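Coordinates as given in input.cif (mmCIF, C-alpha atoms):
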data_start
#
loop_
_atom_site.label_atom_id
_atom_site.label_comp_id
_atom_site.auth_asym_id
_atom_site.auth_seq_id
_atom_site.Cartn_x
_atom_site.Cartn_y
_atom_site.Cartn_z
CA MET A 1 19.62 -17.29 3.80
CA LYS A 2 19.73 -14.15 5.95
CA THR A 3 21.61 -12.27 3.22
CA THR A 4 18.91 -13.14 0.69
CA ILE A 5 16.14 -12.18 3.09
CA PHE A 6 17.81 -8.88 3.85
CA THR A 7 18.24 -8.08 0.14
CA CYS A 8 14.56 -8.72 -0.56
CA PHE A 9 13.53 -6.81 2.51
CA PHE A 10 15.71 -3.79 1.77
CA LEU A 11 14.45 -3.73 -1.81
CA VAL A 12 10.77 -3.65 -0.91
CA LEU A 13 11.21 -1.12 1.88
CA LYS A 14 13.14 1.18 -0.42
CA LEU A 15 10.54 0.83 -3.17
CA SER A 16 7.48 0.83 -0.93
CA PHE A 17 8.13 4.17 0.68
CA CYS A 18 10.49 7.10 0.53
CA PHE A 19 11.66 9.67 3.04
CA ALA A 20 12.37 13.36 3.01
CA ALA A 21 15.91 13.78 1.76
CA ASP A 22 17.29 15.77 4.68
CA GLN A 23 18.00 15.21 8.35
CA THR A 24 14.91 17.08 9.60
CA LEU A 25 12.44 14.31 8.75
CA ALA A 26 11.49 13.74 12.40
CA GLU A 27 10.84 17.48 12.79
CA LYS A 28 8.69 17.53 9.66
CA LEU A 29 6.63 14.62 10.91
CA GLN A 30 6.09 16.39 14.22
CA MET A 31 4.93 19.48 12.35
CA ALA A 32 2.57 17.37 10.23
CA LYS A 33 1.03 15.77 13.33
CA GLN A 34 0.23 19.12 14.91
CA ARG A 35 -1.68 20.49 11.91
CA PRO A 36 -5.10 19.83 10.40
CA LEU A 37 -4.77 17.07 7.79
CA LEU A 38 -6.21 17.62 4.31
CA VAL A 39 -6.84 14.38 2.44
CA GLU A 40 -7.34 14.73 -1.30
CA LEU A 41 -10.04 12.55 -2.83
CA PRO A 42 -8.97 11.09 -6.17
CA SER A 43 -11.00 12.32 -9.14
CA MET A 44 -12.79 10.28 -11.76
CA ASP A 45 -10.81 10.04 -14.99
CA GLU A 46 -12.81 12.32 -17.29
CA LYS A 47 -10.87 11.36 -20.43
CA TYR A 48 -11.53 7.69 -19.76
CA ILE A 49 -15.23 8.41 -19.19
CA GLU A 50 -15.40 10.37 -22.46
CA LYS A 51 -13.75 7.46 -24.26
CA LEU A 52 -16.25 4.97 -22.86
CA ASN A 53 -19.18 7.23 -23.75
CA ALA A 54 -17.89 7.73 -27.28
CA LYS A 55 -17.67 3.98 -27.81
CA GLY A 56 -21.03 3.30 -26.17
CA LYS A 57 -19.47 1.11 -23.48
CA ASN A 58 -22.18 1.61 -20.87
CA GLU A 59 -21.39 -1.52 -18.86
CA GLU A 60 -17.75 -0.51 -18.50
CA LEU A 61 -18.81 2.98 -17.44
CA ILE A 62 -21.13 1.56 -14.79
CA GLU A 63 -18.35 -0.74 -13.56
CA TYR A 64 -15.83 2.11 -13.40
CA THR A 65 -18.26 4.39 -11.54
CA SER A 66 -19.14 1.64 -9.08
CA ARG A 67 -15.47 0.87 -8.40
CA TYR A 68 -14.71 4.55 -7.93
CA ASN A 69 -17.57 5.05 -5.45
CA THR A 70 -16.57 1.95 -3.49
CA PHE A 71 -12.96 3.12 -3.32
CA ILE A 72 -13.93 6.61 -2.14
CA ASN A 73 -16.16 5.12 0.56
CA ASN A 74 -13.37 2.81 1.78
CA TYR A 75 -10.82 5.63 1.56
CA LYS A 76 -12.88 7.86 3.84
CA LYS A 77 -13.59 5.05 6.30
CA ALA A 78 -9.92 4.15 6.51
CA PHE A 79 -8.79 7.69 7.32
CA THR A 80 -11.61 8.56 9.70
CA GLY A 81 -11.38 5.24 11.53
CA TYR A 82 -7.69 4.42 11.55
CA TRP A 83 -5.52 7.52 11.02
CA THR A 84 -4.45 8.50 14.53
CA TYR A 85 -1.99 11.36 14.08
CA ASN A 86 -4.11 14.43 13.38
CA LYS A 87 -7.02 15.63 15.50
CA GLU A 88 -8.69 17.26 12.51
CA ILE A 89 -9.10 15.54 9.12
CA SER A 90 -10.87 17.10 6.13
CA PHE A 91 -11.48 15.56 2.72
CA LYS A 92 -10.95 17.79 -0.30
CA THR A 93 -11.65 17.48 -4.00
CA ALA A 94 -8.77 18.06 -6.40
CA ASP A 95 -10.03 21.60 -7.16
CA GLU A 96 -10.39 22.44 -3.48
CA MET A 97 -6.92 21.09 -2.75
CA ALA A 98 -5.38 23.03 -5.64
CA ALA A 99 -6.92 26.27 -4.37
CA ILE A 100 -5.51 25.73 -0.87
CA ILE A 101 -1.96 24.73 -1.81
CA SER A 102 -1.67 27.54 -4.36
CA GLN A 103 -1.67 29.95 -1.40
CA ASN A 104 1.65 28.51 -0.11
CA THR A 105 0.14 28.43 3.35
CA GLY A 106 1.99 26.73 6.20
CA LYS A 107 -1.18 25.66 8.00
CA TYR A 108 -1.76 22.09 6.87
CA ALA A 109 -0.45 18.59 6.45
CA VAL A 110 -1.55 17.19 3.09
CA ILE A 111 -2.17 13.68 1.75
CA ARG A 112 -2.35 13.45 -2.03
CA TYR A 113 -3.32 10.32 -3.95
CA GLN A 114 -1.19 9.50 -7.00
CA SER A 115 -1.89 6.75 -9.51
CA PHE A 116 -0.16 5.98 -12.78
CA THR A 117 0.35 3.10 -15.16
CA TYR A 118 3.82 3.92 -16.51
CA GLY A 119 6.98 5.16 -14.87
CA SER A 120 7.68 4.85 -11.16
CA PHE A 121 8.24 8.49 -10.35
CA LEU A 122 6.78 10.66 -7.61
CA ARG A 123 5.29 14.13 -7.92
CA GLY A 124 5.67 17.30 -5.89
CA LEU A 125 2.82 18.86 -3.98
CA LYS A 126 1.61 20.96 -6.90
CA HIS A 127 1.79 18.22 -9.48
CA ASP A 128 -0.56 18.00 -12.45
CA PRO A 129 -4.08 17.11 -11.17
CA ARG A 130 -4.40 14.27 -13.67
CA PHE A 131 -2.00 12.25 -11.52
CA SER A 132 -4.72 12.20 -8.85
CA ASN A 133 -7.19 10.45 -11.15
CA TYR A 134 -8.64 7.10 -10.18
CA LEU A 135 -7.20 4.81 -12.88
CA TYR A 136 -9.21 1.62 -12.57
CA ARG A 137 -9.25 -0.35 -15.83
CA GLU A 138 -10.53 -3.80 -16.60
CA ASP A 139 -7.07 -4.74 -17.88
CA ASN A 140 -5.45 -3.91 -14.53
CA SER A 141 -8.20 -5.45 -12.44
CA SER A 142 -7.01 -7.69 -9.62
CA SER A 143 -9.42 -10.34 -10.95
CA LEU A 144 -6.86 -11.00 -13.72
CA ILE A 145 -3.96 -11.73 -11.36
CA SER A 146 -4.54 -15.48 -11.45
CA ASP A 147 -4.38 -15.42 -15.27
CA ARG A 148 -1.09 -13.49 -15.28
CA LYS A 149 -2.67 -10.79 -17.45
CA ASN A 150 -2.65 -7.99 -14.93
CA PHE A 151 -1.62 -4.64 -16.40
CA TYR A 152 0.90 -2.53 -14.50
CA ASN A 153 -0.68 -0.05 -12.09
CA TYR A 154 1.03 1.82 -9.27
CA THR A 155 -0.75 3.91 -6.65
CA VAL A 156 0.73 5.79 -3.69
CA LEU A 157 -0.29 8.09 -0.87
CA ASN A 158 2.03 11.10 -0.54
CA LEU A 159 2.39 13.17 2.63
CA TYR A 160 3.42 16.84 2.33
CA LEU A 161 3.62 20.01 4.35
CA SER A 162 1.38 22.53 2.59
CA GLU A 163 4.11 25.16 2.17
CA GLU A 164 6.68 22.78 0.60
CA GLN A 165 6.87 21.16 -2.82
CA ASP A 166 8.85 18.06 -1.82
CA LEU A 167 7.08 15.10 -0.24
CA VAL A 168 7.80 14.00 3.30
CA LEU A 169 6.70 10.35 3.11
CA THR A 170 5.09 8.12 0.51
CA PHE A 171 3.64 4.60 0.72
CA ARG A 172 2.22 2.26 -1.90
CA LEU A 173 -1.36 1.11 -1.87
CA PRO A 174 -1.92 -2.64 -2.39
CA VAL A 175 -2.91 -4.05 -5.78
CA THR A 176 -6.24 -5.46 -4.59
CA GLU A 177 -8.43 -2.56 -3.46
CA SER A 178 -10.14 -2.78 -0.07
CA GLU A 179 -10.60 -0.82 3.12
CA GLY A 180 -8.19 -3.19 4.89
CA GLY A 181 -5.59 -2.64 2.19
CA ILE A 182 -5.77 1.13 2.66
CA VAL A 183 -5.51 0.66 6.43
CA TYR A 184 -2.42 -1.49 5.90
CA SER A 185 -0.77 1.45 4.08
CA LEU A 186 -1.82 3.91 6.80
CA ARG A 187 -0.16 1.68 9.39
CA GLN A 188 3.12 1.98 7.48
CA PHE A 189 2.89 5.74 8.05
CA GLU A 190 2.13 5.00 11.69
CA PHE A 191 5.17 2.76 12.06
CA THR A 192 7.49 5.46 10.71
CA PHE A 193 5.89 8.20 12.80
CA ASP A 194 6.37 6.11 15.95
CA LEU A 195 9.94 5.13 15.11
CA LEU A 196 11.09 8.71 14.52
CA GLU A 197 9.30 9.99 17.59
CA LYS A 198 11.40 7.59 19.68
CA HIS A 199 14.55 7.93 17.56
CA PRO A 200 14.50 11.37 15.88
CA GLU A 201 18.17 11.05 14.95
CA ARG A 202 17.54 8.21 12.51
CA LYS A 203 17.29 8.71 8.79
CA GLY A 204 17.51 6.87 5.48
CA ALA A 205 19.19 3.47 5.71
CA GLU A 206 18.94 3.51 9.51
CA ILE A 207 15.15 3.43 9.16
CA TYR A 208 15.41 0.55 6.70
CA GLY A 209 17.64 -1.25 9.18
CA HIS A 210 15.12 -0.82 11.97
CA ASN A 211 12.39 -2.30 9.78
CA TYR A 212 14.61 -5.25 8.95
CA TYR A 213 15.24 -5.80 12.64
CA GLN A 214 11.48 -5.71 13.29
CA SER A 215 10.95 -8.30 10.57
CA GLU A 216 13.44 -10.65 12.18
CA LEU A 217 11.50 -10.36 15.42
CA ASN A 218 8.29 -11.31 13.62
CA VAL A 219 9.59 -14.36 11.73
CA PRO A 220 9.07 -16.76 14.71
CA LYS A 221 5.36 -15.87 14.63
CA ILE A 222 5.06 -18.00 11.47
CA LYS A 223 4.97 -21.10 13.70
CA THR A 224 2.11 -19.85 15.88
CA SER A 225 0.01 -17.91 13.37
CA VAL A 226 -2.50 -18.66 10.62
CA VAL A 227 -1.59 -17.18 7.23
CA TYR A 228 -4.60 -15.61 5.49
CA LEU A 229 -4.60 -15.78 1.69
CA ARG A 230 -7.29 -14.18 -0.48
CA LYS A 231 -8.44 -16.25 -3.44
CA GLN A 232 -8.20 -13.30 -5.86
CA ASP A 233 -4.49 -12.89 -5.04
CA LEU A 234 -3.52 -16.47 -5.96
CA ASP A 235 -1.49 -17.33 -9.01
CA LYS A 236 -2.65 -19.34 -12.01
CA GLY A 237 -2.26 -23.03 -11.32
CA PHE A 238 -2.13 -22.61 -7.55
CA LYS A 239 -2.70 -26.04 -6.00
CA GLU A 240 -3.66 -26.28 -2.36
CA GLU A 241 -2.66 -29.95 -2.15
CA LYS A 242 0.91 -28.98 -3.09
CA LEU A 243 0.86 -26.19 -0.52
CA ALA A 244 -0.20 -28.62 2.19
CA LYS A 245 2.89 -30.72 1.49
CA LEU A 246 5.30 -27.77 1.49
CA TYR A 247 3.95 -25.88 4.49
CA LYS A 248 3.59 -27.56 7.86
CA TYR A 249 2.14 -24.58 9.72
CA GLN A 250 -1.34 -23.11 9.58
CA TYR A 251 -2.85 -21.30 6.59
CA LYS A 252 -6.34 -20.49 5.35
CA ILE A 253 -7.71 -19.35 1.98
CA VAL A 254 -10.23 -16.75 3.03
CA SER A 255 -12.83 -14.41 1.60
CA ASN A 256 -12.02 -10.73 1.31
CA GLU A 257 -14.41 -10.11 4.22
CA GLU A 258 -12.51 -12.44 6.56
CA TRP A 259 -9.17 -10.97 5.46
CA GLU A 260 -10.51 -7.44 6.05
CA SER A 261 -11.79 -8.38 9.50
CA ALA A 262 -8.36 -9.64 10.56
CA VAL A 263 -6.68 -6.38 9.52
CA LEU A 264 -9.29 -3.96 10.82
CA GLU A 265 -9.71 -5.76 14.14
CA LYS A 266 -5.95 -6.25 14.58
CA LYS A 267 -6.32 -9.97 15.21
CA ASP A 268 -3.53 -11.72 17.06
CA ASN A 269 -1.87 -14.82 15.63
CA VAL A 270 -2.84 -13.98 12.06
CA ILE A 271 -0.38 -13.19 9.26
CA CYS A 272 -1.96 -11.62 6.19
CA ALA A 273 -0.63 -11.95 2.65
CA ILE A 274 -0.94 -8.89 0.43
CA LEU A 275 0.21 -7.91 -3.07
CA LEU A 276 2.03 -4.61 -3.42
CA PRO A 277 2.74 -3.14 -6.87
CA GLY A 278 6.23 -3.71 -8.18
CA ASN A 279 8.23 -1.72 -10.67
CA GLU A 280 7.47 -1.38 -14.37
CA ASN A 281 9.61 -3.63 -16.58
CA THR A 282 11.07 -5.41 -13.56
CA LEU A 283 8.71 -7.10 -11.10
CA LYS A 284 4.94 -6.75 -11.13
CA TYR A 285 4.39 -7.56 -7.47
CA TYR A 286 5.87 -7.83 -4.02
CA HIS A 287 4.35 -10.63 -1.96
CA MET A 288 4.17 -9.08 1.47
CA PHE A 289 3.40 -11.06 4.63
CA PHE A 290 2.55 -8.92 7.66
CA CYS A 291 1.11 -9.25 11.15
CA ALA A 292 -2.59 -8.39 11.20
CA SER A 293 -2.19 -7.08 14.74
CA ASP A 294 0.03 -4.12 13.78
CA GLY A 295 0.76 -4.17 10.03
CA LYS A 296 4.46 -4.91 10.54
CA MET A 297 6.32 -7.06 8.08
CA VAL A 298 7.17 -10.72 8.46
CA THR A 299 8.83 -11.16 5.08
CA ASN A 300 8.55 -10.20 1.41
CA VAL A 301 8.98 -12.17 -1.82
CA PRO A 302 9.46 -10.25 -5.11
CA SER A 303 7.54 -11.89 -7.97
CA ASN A 304 5.94 -11.36 -11.36
CA PHE A 305 2.81 -13.32 -10.51
CA GLY A 306 0.26 -13.95 -7.76
CA PHE A 307 0.87 -15.93 -4.56
CA SER A 308 2.17 -19.43 -5.19
CA GLU A 309 3.20 -22.50 -3.22
CA ASP A 310 6.83 -21.33 -3.44
CA ASP A 311 6.05 -18.42 -1.12
CA PHE A 312 5.16 -20.91 1.58
CA ASP A 313 8.25 -22.95 0.93
CA LEU A 314 10.21 -19.81 1.86
CA LEU A 315 8.06 -19.22 4.95
CA SER A 316 8.80 -22.77 6.13
CA LYS A 317 12.54 -22.24 5.71
CA LEU A 318 12.42 -18.91 7.55
CA ALA A 319 10.59 -20.46 10.49
CA LYS A 320 13.26 -23.14 11.06
#

So that I can check it, write out the structure of this file as structure tokens.
Amino acid sequence: MKTTIFTCFFLVLKLSFCFAADQTLAEKLQMAKQRPLLVELPSMDEKYIEKLNAKGKNEELIEYTSRYNTFINNYKKAFTGYWTYNKEISFKTADEMAAIISQNTGKYAVIRYQSFTYGSFLRGLKHDPRFSNYLYREDNSSSLISDRKNFYNYTVLNLYLSEEQDLVLTFRLPVTESEGGIVYSLRQFEFTFDLLEKHPERKGAEIYGHNYYQSELNVPKIKTSVVYLRKQDLDKGFKEEKLAKLYKYQYKIVSNEEWESAVLEKKDNVICAILLPGNENTLKYYHMFFCASDGKMVTNVPSNFGFSEDDFDLLSKLAK
């Protein structure tokens, strides 16, 4: 069982975030913390808007604009309220960011948003601006998860030093958009910052190993915590009566508001379930269970669909 758990855990950690490829990662993170942080705001997808206008799809355009505005609002709230590593944070449009980084200045730490629907590859600091577009589509809406019709979408936050092309750290954003989901991703940055401040000598697989160790420490919390599941993240055919037979500990199917509250308020004795994007042509999702109090992992279950009763069968076995 432990071998299987480790394999799943290593896989998601490796795919959920990457590290600078040299042994000065801890030094780079220290540099990033001491600078003003520039956070790029994703742009609206002008080609998509033109397409909707050309086809007279006004309702879809209204929906896209509303989703974009909600995301930008949550994005700003998450960084201003929960990013703790830079004293000064400024939000920049794509054009403003491009003008700054073209100067090759060594003054800033930079967060760039990257979203794409095909190919799991990461871009350098000066990548094509279209990769910072907000790519919401009806066919990759989280509302379709339960019907198993969700289209592949993959969004990350990339951290750079403004004078370097290569990224320092990158983390995935969850499939279901929300302020709490963004905060979850920011806490993964926080975890790595804290680890390397205490253990600057660690790199690569050693960091994965530390995360695995942390997960093992969190597994016993399954017995004393309530697992929060959002309805929109459940799989087609999910049956609560079956779950009740498989899982002898506490769980609750909650509204997005209650789920958000647990994450933002760092509630004790709550484990939140969240969908992270998987890899194209392999797995659509990673079913991540994490402690609401600090964002640290309990376990992960790779899957092609939404949360099912089988996830809780695994949780029960882990807790034994």

Next on the checklist: Taking 2 positions as the minimum chain separation for residues in the same chain, which residues sit within 9 Å of range 234-245 of chain A when counting all atoms listed in the file? Answer as an NGL selection string.
Outcome noted: :A and (145-148 or 229-232 or 247-249 or 251 or 305-310 or 312-313)

Item to check | Between CA of Leu173 in chain A and CA of Asn304 in chain A - distance in Å to one decimal | outcome: 17.3 Å

Checklist entry - Where does the PyMOL selection byres ((chain A and resi 314) around 10) land in this file, that is, which residues does it pick, as a list in words? => result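 What the PyMOL selection byres ((chain A and resi 314) around 10) grabs from the file is Met1, Ile5, Leu246, Tyr247, Thr299, Asn300, Val301, Glu309, Asp310, Asp311, Phe312, Asp313, Leu315, Ser316, Lys317, Leu318 and Ala319 of chain A.
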
Checklist entry - Quick one: of A:Val298, A:Ala98, A:Leu275, A:Ile89, who's nearest to Glu216 in chain A, counting only C-alpha atoms? => result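 Smallest separation from Glu216 in chain A among the options: A:Val298.
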
Next on the checklist: With the PyMOL selection byres ((chain A and resi 33) around 10) as the selection, what would be picked from this file? Answer as JSON, numbers by chain, please.
Outcome noted: {"A": [27, 28, 29, 30, 31, 32, 34, 35, 36, 37, 84, 85, 86, 87, 88, 108, 109, 193]}

Using the selection just defined, write its residues with C-alpha atoms as a compact mmCIF listing (two decimals), in the frame of the given file.
# COMPACT_ATOMS: atom_id res chain seq x y z
CA GLU A 27 10.84 17.48 12.79
CA LYS A 28 8.69 17.53 9.66
CA LEU A 29 6.63 14.62 10.91
CA GLN A 30 6.09 16.39 14.22
CA MET A 31 4.93 19.48 12.35
CA ALA A 32 2.57 17.37 10.23
CA GLN A 34 0.23 19.12 14.91
CA ARG A 35 -1.68 20.49 11.91
CA PRO A 36 -5.10 19.83 10.40
CA LEU A 37 -4.77 17.07 7.79
CA THR A 84 -4.45 8.50 14.53
CA TYR A 85 -1.99 11.36 14.08
CA ASN A 86 -4.11 14.43 13.38
CA LYS A 87 -7.02 15.63 15.50
CA GLU A 88 -8.69 17.26 12.51
CA TYR A 108 -1.76 22.09 6.87
CA ALA A 109 -0.45 18.59 6.45
CA PHE A 193 5.89 8.20 12.80

Checklist entry - Exactly which residues make up the result of the PyMOL selection byres ((chain A and resi 254) around 7) on this file, given as a PyMOL selection string? => result chain A and resi 228-231+252-253+255-256+258-259

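Taking only C-alpha atoms, the non-local environment of Thr105 in chain A within 12 Å (same-chain residues fewer than 6 positions away omitted) comprises Arg35, Met97, Ala98, Ala99, Leu161, Ser162, Glu163, Glu164 and Gln165 of chain A.
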
Item to check | Nearest to Lys107 in chain A by atom-to-atom distance, counting only C-alpha atoms, from A:Lys77, A:Ala54, A:Leu169, A:Leu38 | outcome: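 Smallest separation from Lys107 in chain A among the options: A:Leu38.
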
Checklist entry - What's the 6 Å shell around range 113-117 of chain A, counting all atoms listed in the file, without same-chain residues fewer than 3 positions away, as a ChimeraX atom specification? => result /A:131-132,152-157

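Distance-wise, CA of Arg187 in chain A and CA of Glu96 in chain A end up 26.5 Å apart.
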
Should you be able to, write range 229-263 of chain A of this structure into a file that contains C-alpha atoms, as an mmCIF file, in the first residue's frame.
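As written to disk, result26.cif reads:
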data_model
loop_
_atom_site.group_PDB
_atom_site.id
_atom_site.type_symbol
_atom_site.label_atom_id
_atom_site.label_comp_id
_atom_site.auth_asym_id
_atom_site.auth_seq_id
_atom_site.Cartn_x
_atom_site.Cartn_y
_atom_site.Cartn_z
ATOM 1 C CA LEU A 229 -16.661 17.739 -1.089
ATOM 2 C CA ARG A 230 -18.135 20.273 -3.523
ATOM 3 C CA LYS A 231 -21.128 19.075 -5.507
ATOM 4 C CA GLN A 232 -19.730 20.399 -8.808
ATOM 5 C CA ASP A 233 -16.620 18.214 -8.396
ATOM 6 C CA LEU A 234 -18.532 14.925 -8.070
ATOM 7 C CA ASP A 235 -18.534 12.272 -10.748
ATOM 8 C CA LYS A 236 -21.518 11.118 -12.782
ATOM 9 C CA GLY A 237 -23.453 8.494 -10.870
ATOM 10 C CA PHE A 238 -22.002 9.468 -7.499
ATOM 11 C CA LYS A 239 -24.192 7.877 -4.821
ATOM 12 C CA GLU A 240 -23.987 9.144 -1.282
ATOM 13 C CA GLU A 241 -25.609 6.011 0.135
ATOM 14 C CA LYS A 242 -22.734 3.940 -1.291
ATOM 15 C CA LEU A 243 -20.215 6.391 0.151
ATOM 16 C CA ALA A 244 -21.771 6.065 3.594
ATOM 17 C CA LYS A 245 -21.171 2.308 3.489
ATOM 18 C CA LEU A 246 -17.548 2.593 2.321
ATOM 19 C CA TYR A 247 -16.417 5.448 4.550
ATOM 20 C CA LYS A 248 -16.797 5.264 8.309
ATOM 21 C CA TYR A 249 -15.343 8.688 9.088
ATOM 22 C CA GLN A 250 -16.870 12.117 8.647
ATOM 23 C CA TYR A 251 -17.616 13.791 5.311
ATOM 24 C CA LYS A 252 -19.898 16.544 4.071
ATOM 25 C CA ILE A 253 -21.084 17.590 0.601
ATOM 26 C CA VAL A 254 -20.861 21.354 0.829
ATOM 27 C CA SER A 255 -21.582 24.475 -1.170
ATOM 28 C CA ASN A 256 -18.700 26.319 -2.773
ATOM 29 C CA GLU A 257 -19.143 29.039 -0.128
ATOM 30 C CA GLU A 258 -18.651 26.608 2.761
ATOM 31 C CA TRP A 259 -15.662 25.002 1.030
ATOM 32 C CA GLU A 260 -14.140 28.459 0.431
ATOM 33 C CA SER A 261 -14.660 29.443 4.055
ATOM 34 C CA ALA A 262 -12.769 26.385 5.291
ATOM 35 C CA VAL A 263 -9.767 27.173 3.080
#
